[in-house]
file coords.cif (mmCIF, C-alpha atoms)
data_upload
loop_
_atom_site.label_atom_id
_atom_site.label_comp_id
_atom_site.auth_asym_id
_atom_site.auth_seq_id
_atom_site.Cartn_x
_atom_site.Cartn_y
_atom_site.Cartn_z
CA MET D 1 -65.73 -84.52 -20.59
CA THR D 2 -65.48 -82.94 -23.97
CA THR D 3 -62.14 -81.62 -25.29
CA ILE D 4 -62.40 -78.45 -27.34
CA LYS D 5 -59.67 -77.97 -29.91
CA MET D 6 -58.71 -74.40 -30.80
CA GLN D 7 -58.49 -73.97 -34.52
CA PHE D 8 -56.00 -71.43 -35.82
CA PRO D 9 -57.84 -69.46 -38.48
CA ARG D 10 -56.28 -69.55 -41.86
CA GLU D 11 -56.81 -65.84 -42.33
CA ARG D 12 -54.76 -65.03 -39.24
CA LEU D 13 -52.02 -67.36 -40.32
CA ALA D 14 -51.91 -65.73 -43.72
CA LEU D 15 -51.70 -62.29 -42.02
CA TYR D 16 -48.79 -63.38 -39.85
CA ALA D 17 -47.05 -64.81 -42.88
CA VAL D 18 -47.44 -61.55 -44.76
CA LEU D 19 -46.19 -59.52 -41.78
CA THR D 20 -43.21 -61.83 -41.41
CA ILE D 21 -42.36 -61.44 -45.07
CA LEU D 22 -42.67 -57.64 -44.80
CA PHE D 23 -40.46 -57.57 -41.69
CA LEU D 24 -37.82 -59.66 -43.45
CA ILE D 25 -37.97 -57.32 -46.46
CA PHE D 26 -37.62 -54.31 -44.08
CA VAL D 27 -34.64 -55.87 -42.31
CA ALA D 28 -33.07 -56.74 -45.64
CA GLY D 29 -33.55 -53.12 -46.70
CA LEU D 30 -31.89 -51.84 -43.57
CA VAL D 31 -28.99 -54.19 -44.05
CA GLY D 32 -28.68 -52.90 -47.56
CA TYR D 33 -28.16 -49.39 -46.15
CA GLY D 34 -25.57 -50.63 -43.67
CA ILE D 35 -27.94 -50.61 -40.73
CA THR D 36 -27.48 -53.70 -38.63
CA PRO D 37 -28.94 -54.84 -35.33
CA LYS D 38 -25.61 -53.91 -33.76
CA SER D 39 -25.79 -50.36 -35.06
CA ILE D 40 -29.41 -50.12 -33.93
CA TYR D 41 -28.36 -51.31 -30.47
CA GLU D 42 -25.58 -48.76 -30.37
CA VAL D 43 -27.91 -45.90 -31.34
CA LEU D 44 -30.87 -46.85 -29.22
CA VAL D 45 -29.08 -48.22 -26.17
CA LEU D 46 -25.37 -47.54 -25.98
CA LYS D 47 -25.40 -43.90 -27.08
CA PRO D 48 -28.18 -42.72 -24.67
CA VAL D 49 -26.52 -44.62 -21.84
CA SER D 50 -23.17 -43.04 -22.75
CA LEU D 51 -24.73 -39.56 -22.79
CA ILE D 52 -26.29 -40.14 -19.39
CA ILE D 53 -22.98 -41.38 -17.96
CA ASP D 54 -21.15 -38.37 -19.45
CA PHE D 55 -23.74 -36.02 -17.96
CA PHE D 56 -23.31 -37.45 -14.47
CA ASN D 57 -19.49 -37.44 -14.84
CA ASN D 58 -19.50 -33.79 -15.94
CA THR D 59 -21.88 -32.85 -13.15
CA TYR D 60 -19.68 -34.62 -10.62
CA SER D 61 -16.56 -32.90 -11.98
CA SER D 62 -18.26 -29.49 -11.87
CA VAL D 63 -19.39 -29.97 -8.28
CA GLN D 64 -15.97 -31.26 -7.30
CA ASN D 65 -14.24 -28.30 -8.98
CA TYR D 66 -16.66 -25.90 -7.28
CA PHE D 67 -15.81 -27.16 -3.81
CA ILE D 68 -12.11 -27.24 -4.70
CA SER D 69 -12.34 -23.61 -5.84
CA ILE D 70 -14.03 -22.68 -2.56
CA VAL D 71 -11.19 -24.25 -0.58
CA LYS D 72 -8.56 -22.62 -2.78
CA GLY D 73 -10.45 -19.32 -2.63
CA LYS D 74 -10.32 -19.34 1.16
CA ALA D 75 -6.61 -20.06 1.00
CA LEU D 76 -6.12 -17.18 -1.44
CA ILE D 77 -8.10 -14.83 0.80
CA ILE D 78 -5.93 -15.73 3.77
CA GLU D 79 -2.77 -15.39 1.68
CA ASN D 80 -3.89 -12.00 0.33
CA GLN D 81 -4.65 -10.78 3.85
CA ASN D 82 -1.21 -11.88 5.01
CA LEU D 83 0.36 -10.07 2.06
CA ARG D 84 -1.63 -6.91 2.84
CA ASP D 85 -0.49 -7.05 6.46
CA TYR D 86 3.10 -7.51 5.32
CA ILE D 87 2.82 -4.59 2.89
CA SER D 88 1.32 -2.43 5.66
CA THR D 89 4.26 -3.33 7.90
CA LEU D 90 6.74 -2.44 5.16
CA GLU D 91 4.96 0.87 4.53
CA SER D 92 5.16 1.73 8.23
CA ARG D 93 8.87 0.93 8.27
CA LEU D 94 9.37 3.00 5.12
CA LYS D 95 7.65 5.99 6.73
CA ILE D 96 9.92 5.69 9.76
CA LEU D 97 13.01 5.45 7.55
CA LEU D 98 11.87 8.42 5.47
CA GLY D 99 11.33 10.36 8.68
CA TYR D 100 14.89 9.58 9.76
CA TYR D 101 16.14 10.50 6.28
CA TYR D 102 14.43 13.89 6.22
CA GLU D 103 15.42 14.58 9.82
CA ASN D 104 19.02 13.80 8.88
CA ILE D 105 18.87 16.24 5.96
CA GLU D 106 17.25 18.85 8.18
CA LEU D 107 19.94 18.51 10.86
CA LYS D 108 22.71 18.70 8.27
CA ASN D 109 21.19 21.85 6.84
CA LEU D 110 20.79 23.40 10.27
CA LEU D 111 24.35 22.55 11.25
CA GLY D 112 25.53 24.50 8.23
CA ILE D 113 23.70 27.67 9.34
CA LYS D 114 25.95 29.65 11.66
CA HIS D 115 25.45 33.36 12.13
CA ASN D 116 28.49 35.54 11.52
CA ILE D 117 26.59 38.63 12.63
CA LYS D 118 25.74 39.86 16.10
CA PHE D 119 22.24 40.58 17.28
CA ASN D 120 21.26 42.99 19.98
CA THR D 121 18.13 41.48 21.44
CA ILE D 122 15.59 41.89 24.21
CA GLY D 123 13.97 38.83 25.73
CA CYS D 124 10.17 38.92 25.99
CA ASN D 125 7.50 36.63 27.38
CA ILE D 126 4.49 35.64 25.31
CA ILE D 127 1.24 36.60 27.02
CA LEU D 128 -1.18 35.75 24.17
CA TYR D 129 -1.14 33.54 21.09
CA SER D 130 -3.81 33.67 18.37
CA LYS D 131 -3.59 30.85 15.85
CA SER D 132 -6.51 32.11 13.79
CA GLY D 133 -5.16 35.66 13.81
CA ASN D 134 -1.54 34.60 13.25
CA PHE D 135 -0.12 36.89 15.92
CA LEU D 136 1.48 36.95 19.37
CA VAL D 137 1.34 39.52 22.13
CA ILE D 138 4.54 40.03 24.15
CA ASP D 139 5.04 41.72 27.52
CA ARG D 140 7.24 44.60 26.35
CA GLY D 141 6.50 47.76 24.40
CA LYS D 142 7.48 51.41 24.38
CA ASP D 143 8.84 51.00 27.88
CA SER D 144 11.63 48.86 26.36
CA ASN D 145 12.05 51.04 23.26
CA LEU D 146 10.47 48.44 20.99
CA LYS D 147 9.38 49.72 17.60
CA ILE D 148 7.27 48.59 14.64
CA ASP D 149 9.08 46.33 12.11
CA MET D 150 11.60 45.00 14.62
CA PRO D 151 12.29 41.32 13.82
CA VAL D 152 11.23 38.68 16.36
CA VAL D 153 13.06 35.34 16.58
CA TYR D 154 13.28 32.25 18.75
CA SER D 155 16.56 30.57 19.70
CA VAL D 156 17.48 27.67 21.95
CA ASP D 157 21.28 27.67 21.69
CA GLY D 158 21.89 31.36 21.04
CA VAL D 159 23.49 30.48 17.69
CA THR D 160 20.71 29.38 15.36
CA SER D 161 17.66 31.63 15.25
CA PHE D 162 14.20 30.75 13.96
CA LEU D 163 12.03 33.49 12.50
CA VAL D 164 8.83 34.19 14.44
CA GLY D 165 7.69 37.40 12.75
CA LYS D 166 7.91 41.14 13.26
CA ILE D 167 6.37 43.78 15.53
CA THR D 168 3.38 45.47 13.91
CA GLU D 169 1.82 47.30 16.90
CA VAL D 170 3.41 48.81 20.01
CA SER D 171 1.74 50.07 23.20
CA ASN D 172 3.27 51.17 26.46
CA ASN D 173 3.79 47.72 27.98
CA THR D 174 2.95 45.24 25.21
CA SER D 175 3.56 44.68 21.52
CA LYS D 176 1.78 42.72 18.82
CA VAL D 177 3.93 40.37 16.74
CA THR D 178 2.59 39.35 13.34
CA LEU D 179 3.73 35.78 12.67
CA GLU D 180 5.59 34.73 9.54
CA THR D 181 2.60 32.57 8.65
CA SER D 182 0.25 35.57 8.40
CA PRO D 183 -1.14 36.20 4.88
CA ASN D 184 0.14 39.78 5.18
CA PHE D 185 3.72 38.69 5.92
CA LYS D 186 6.50 38.73 3.30
CA VAL D 187 10.21 38.06 3.66
CA GLY D 188 13.16 37.58 1.31
CA VAL D 189 14.50 34.01 1.46
CA LYS D 190 16.94 31.58 -0.12
CA ASN D 191 17.55 27.86 -0.01
CA ALA D 192 20.30 27.46 2.61
CA SER D 193 22.08 24.72 0.69
CA ARG D 194 21.14 25.48 -2.94
CA GLY D 195 20.84 29.27 -3.08
CA GLY D 196 18.47 31.39 -5.16
CA ILE D 197 16.79 34.51 -3.75
CA ASP D 198 13.00 34.82 -3.72
CA VAL D 199 10.13 36.15 -1.62
CA ALA D 200 8.18 33.96 0.80
CA SER D 201 4.60 34.94 1.63
CA GLY D 202 2.57 33.73 4.60
CA ASN D 203 -0.44 31.58 3.71
CA GLY D 204 -2.09 31.11 7.09
CA ASN D 205 -0.39 27.83 7.98
CA GLY D 206 3.10 28.28 6.56
CA LEU D 207 4.77 30.21 3.78
CA THR D 208 4.71 29.94 0.00
CA VAL D 209 7.56 30.60 -2.42
CA VAL D 210 7.06 30.72 -6.19
CA ARG D 211 10.36 30.43 -8.05
CA PRO D 212 11.74 29.38 -11.46
CA SER D 213 12.23 25.62 -11.53
CA GLN D 214 15.12 25.73 -14.00
CA ASP D 215 17.27 28.00 -11.79
CA VAL D 216 17.35 26.00 -8.54
CA SER D 217 16.42 22.37 -7.88
CA ASP D 218 14.74 22.38 -4.45
CA SER D 219 14.04 19.20 -2.50
CA LEU D 220 11.81 18.21 0.39
CA SER D 221 13.22 19.15 3.82
CA ASP D 222 15.55 21.78 2.37
CA ILE D 223 15.90 24.71 4.78
CA PHE D 224 15.06 28.26 3.69
CA VAL D 225 16.64 31.21 5.50
CA THR D 226 16.36 34.97 5.34
CA VAL D 227 18.60 37.04 3.09
CA GLU D 228 20.05 40.45 3.86
CA GLU D 229 18.03 41.83 0.97
CA SER D 230 14.98 41.33 3.20
CA GLY D 231 15.64 44.81 4.58
CA ILE D 232 14.57 44.62 8.22
CA PHE D 233 15.67 41.00 8.77
CA PRO D 234 19.26 39.84 9.33
CA LYS D 235 20.38 37.08 6.99
CA ASP D 236 20.49 33.36 7.77
CA ILE D 237 17.53 33.28 10.15
CA VAL D 238 15.71 29.99 9.65
CA VAL D 239 12.30 30.58 8.04
CA GLY D 240 11.15 26.99 7.48
CA LYS D 241 11.70 23.73 5.67
CA VAL D 242 10.26 22.56 2.36
CA SER D 243 7.16 20.44 3.01
CA LYS D 244 5.66 20.38 -0.49
CA ILE D 245 6.69 21.20 -4.05
CA LYS D 246 4.04 21.77 -6.71
CA LYS D 247 4.72 22.46 -10.38
CA ILE D 248 2.43 25.32 -11.46
CA SER D 249 3.85 25.92 -14.96
CA ALA D 250 6.54 24.70 -17.32
CA VAL D 251 9.08 27.01 -15.69
CA GLU D 252 7.82 27.63 -12.13
CA ASN D 253 7.36 25.66 -8.91
CA GLU D 254 5.24 26.56 -5.90
CA ILE D 255 7.09 25.63 -2.71
CA GLU D 256 5.43 25.38 0.68
CA LEU D 257 7.55 26.06 3.76
CA GLU D 258 6.68 24.65 7.17
CA PRO D 259 7.89 26.57 10.24
CA LEU D 260 10.36 24.62 12.39
CA ILE D 261 8.90 25.92 15.64
CA ASP D 262 5.47 25.51 17.18
CA PHE D 263 4.25 28.99 18.08
CA TYR D 264 1.78 27.50 20.56
CA THR D 265 4.43 25.77 22.68
CA ILE D 266 7.10 28.50 22.92
CA ARG D 267 6.89 30.79 25.96
CA ASN D 268 9.40 33.49 25.10
CA VAL D 269 10.98 35.21 22.10
CA LEU D 270 13.81 37.58 21.27
CA VAL D 271 13.23 40.96 19.69
CA ILE D 272 16.17 42.07 17.52
CA THR D 273 16.71 45.76 18.26
CA SER D 274 19.80 46.09 16.06
CA TYR D 275 22.39 43.95 14.25
CA GLU D 276 25.62 44.22 12.34
CA LYS D 277 25.36 44.15 8.57
CA ASN D 278 28.07 42.88 6.26
#

call {"tool": "encode", "arguments": {"input": "coords.cif", "output": "structure tokens"}}
result
Amino acid sequence: MTTIKMQFPRERLALYAVLTILFLIFVAGLVGYGITPKSIYEVLVLKPVSLIIDFFNNTYSSVQNYFISIVKGKALIIENQNLRDYISTLESRLKILLGYYYENIELKNLLGIKHNIKFNTIGCNIILYSKSGNFLVIDRGKDSNLKIDMPVVYSVDGVTSFLVGKITEVSNNTSKVTLETSPNFKVGVKNASRGGIDVASGNGNGLTVVRPSQDVSDSLSDIFVTVEESGIFPKDIVVGKVSKIKKISAVENEIELEPLIDFYTIRNVLVITSYEKN
């Protein structure tokens, strides 16, 4: 058996020697610039690994914060809903308290209205009510000596009277009563507790008063009554209460009055045939 010996060519050996020398020169050059195997390891290995670890840590933190925000968001939604429900409850209670407050003011105002004049009246039944036409038809006419422009009121206790309107048409057995809310209706009024004389005009649903804001300070639920200057109407008949105040200029307010009686529900009225004047 023949043994073959591998001979290492001299040319290859010389090449490896040259490459080794060049590598050593290159390494020496790097060292001269402060670049060491440690720094190369840090740049090529440690830094990429650190960046990858930071990326996964940041991703994990973002995902974790996202789910935490979802949980907290649900809690905030529930808390906000509870707060809205609580606010709604408080608003309802406030409306009730305001209702009591305005009713209290209204009753106080009404208690202060006592007639010191005597009415001669005729009781009449209502046989027709027209909301769109703002009128009533009553069951008395010329047969009871009723006449045009006679005031018509409603009273429960016989002391405090509420204005209904006035007679505008008379036949033998019936009469037409134009309501105070009619756009054609006008009556002299004043604030029962604050004074000031003005004219109230029907607007279809209630009455409107335009008056100087610097003269009298009106408030919601104030009661307005007739004044003797109205001509055909006795004074101190309740016309309505303040339901809205609107500033229309620097010196004037527009006041809306709401009748204190429901013309649809009443079944009878009193026609004032005569009264004593002061």

call {"tool": "residues_around", "arguments": {"input": "coords.cif", "residues": "range 201-215 of chain D", "least_positions_apart": "6", "cutoff": "6 Å", "atoms": "all atoms listed in the file", "output": "VMD selection string"}}
result
chain D and resid 180 to 183 185 to 186 251 to 258

call {"tool": "closest_residue", "arguments": {"input": "coords.cif", "among": "D:Thr178, D:Thr121, D:Asn82, D:Thr265", "to": "Asn145 in chain D", "atoms": "all atoms listed in the file"}}
result
D:Thr121

call {"tool": "atom_distance", "arguments": {"input": "coords.cif", "atom1": "CA of Gly133 in chain D", "atom2": "CA of Lys147 in chain D"}}
result
20.6 Å

call {"tool": "residues_around", "arguments": {"input": "coords.cif", "residues": "Val187 in chain D", "least_positions_apart": "5", "cutoff": "6 Å", "atoms": "all atoms listed in the file", "output": "list in words"}}
result
Val199, Ala200 and Ser230 of chain D

call {"tool": "closest_atom_pairs", "arguments": {"input": "coords.cif", "of": "range 173-257 of chain D", "to": "range 153-157 of chain D", "cutoff": "12 Å", "atoms": "all atoms listed in the file", "output": "Markdown table"}}
result
| residue | atom | partner | partner_atom | distance |
| --- | --- | --- | --- | --- |
| D:Val177 | CA | D:Val153 | CA | 10.4 |
| D:Thr178 | CA | D:Val153 | CA | 11.7 |
| D:Leu179 | CA | D:Val153 | CA | 10.1 |
| D:Glu180 | CA | D:Val153 | CA | 10.3 |
| D:Thr226 | CA | D:Val153 | CA | 11.7 |
| D:Phe233 | CA | D:Val153 | CA | 10.0 |
| D:Pro234 | CA | D:Val153 | CA | 10.5 |
| D:Asp236 | CA | D:Val153 | CA | 11.7 |
| D:Ile237 | CA | D:Val153 | CA | 8.1 |
| D:Val238 | CA | D:Val153 | CA | 9.1 |
| D:Val239 | CA | D:Val153 | CA | 9.8 |

call {"tool": "atom_distance", "arguments": {"input": "coords.cif", "atom1": "CA of Gly231 in chain D", "atom2": "CA of Gly158 in chain D"}}
result
22.2 Å

call {"tool": "resolve_selection", "arguments": {"input": "coords.cif", "expression": "the PyMOL selection byres ((chain D and resi 176) around 12)", "output": "ChimeraX atom specification"}}
result
/D:124-130,133-142,146-152,164-175,177-179,271

call {"tool": "resolve_selection", "arguments": {"input": "coords.cif", "expression": "the PyMOL selection byres ((chain D and resi 198) around 6)", "output": "list in words"}}
result
Gly188, Val189, Ile197 and Val199 of chain D

call {"tool": "atom_distance", "arguments": {"input": "coords.cif", "atom1": "CA of Lys241 in chain D", "atom2": "CA of Thr89 in chain D"}}
result
28.2 Å

call {"tool": "resolve_selection", "arguments": {"input": "coords.cif", "expression": "the PyMOL selection byres ((chain D and resi 244) around 7)", "output": "short mmCIF file (atom, residue, chain, number, x, y, z; two decimals) with C-alpha atoms, in the coordinates of the input"}}
result
data_model
loop_
_atom_site.label_atom_id
_atom_site.label_comp_id
_atom_site.auth_asym_id
_atom_site.auth_seq_id
_atom_site.Cartn_x
_atom_site.Cartn_y
_atom_site.Cartn_z
CA LEU D 220 11.81 18.21 0.39
CA VAL D 242 10.26 22.56 2.36
CA SER D 243 7.16 20.44 3.01
CA ILE D 245 6.69 21.20 -4.05
CA LYS D 246 4.04 21.77 -6.71
CA ILE D 255 7.09 25.63 -2.71
CA GLU D 256 5.43 25.38 0.68
#

call {"tool": "closest_residue", "arguments": {"input": "coords.cif", "among": "D:Leu83, D:Leu163, D:Val63, D:Val227", "to": "Leu270 in chain D", "atoms": "all atoms listed in the file"}}
result
D:Leu163
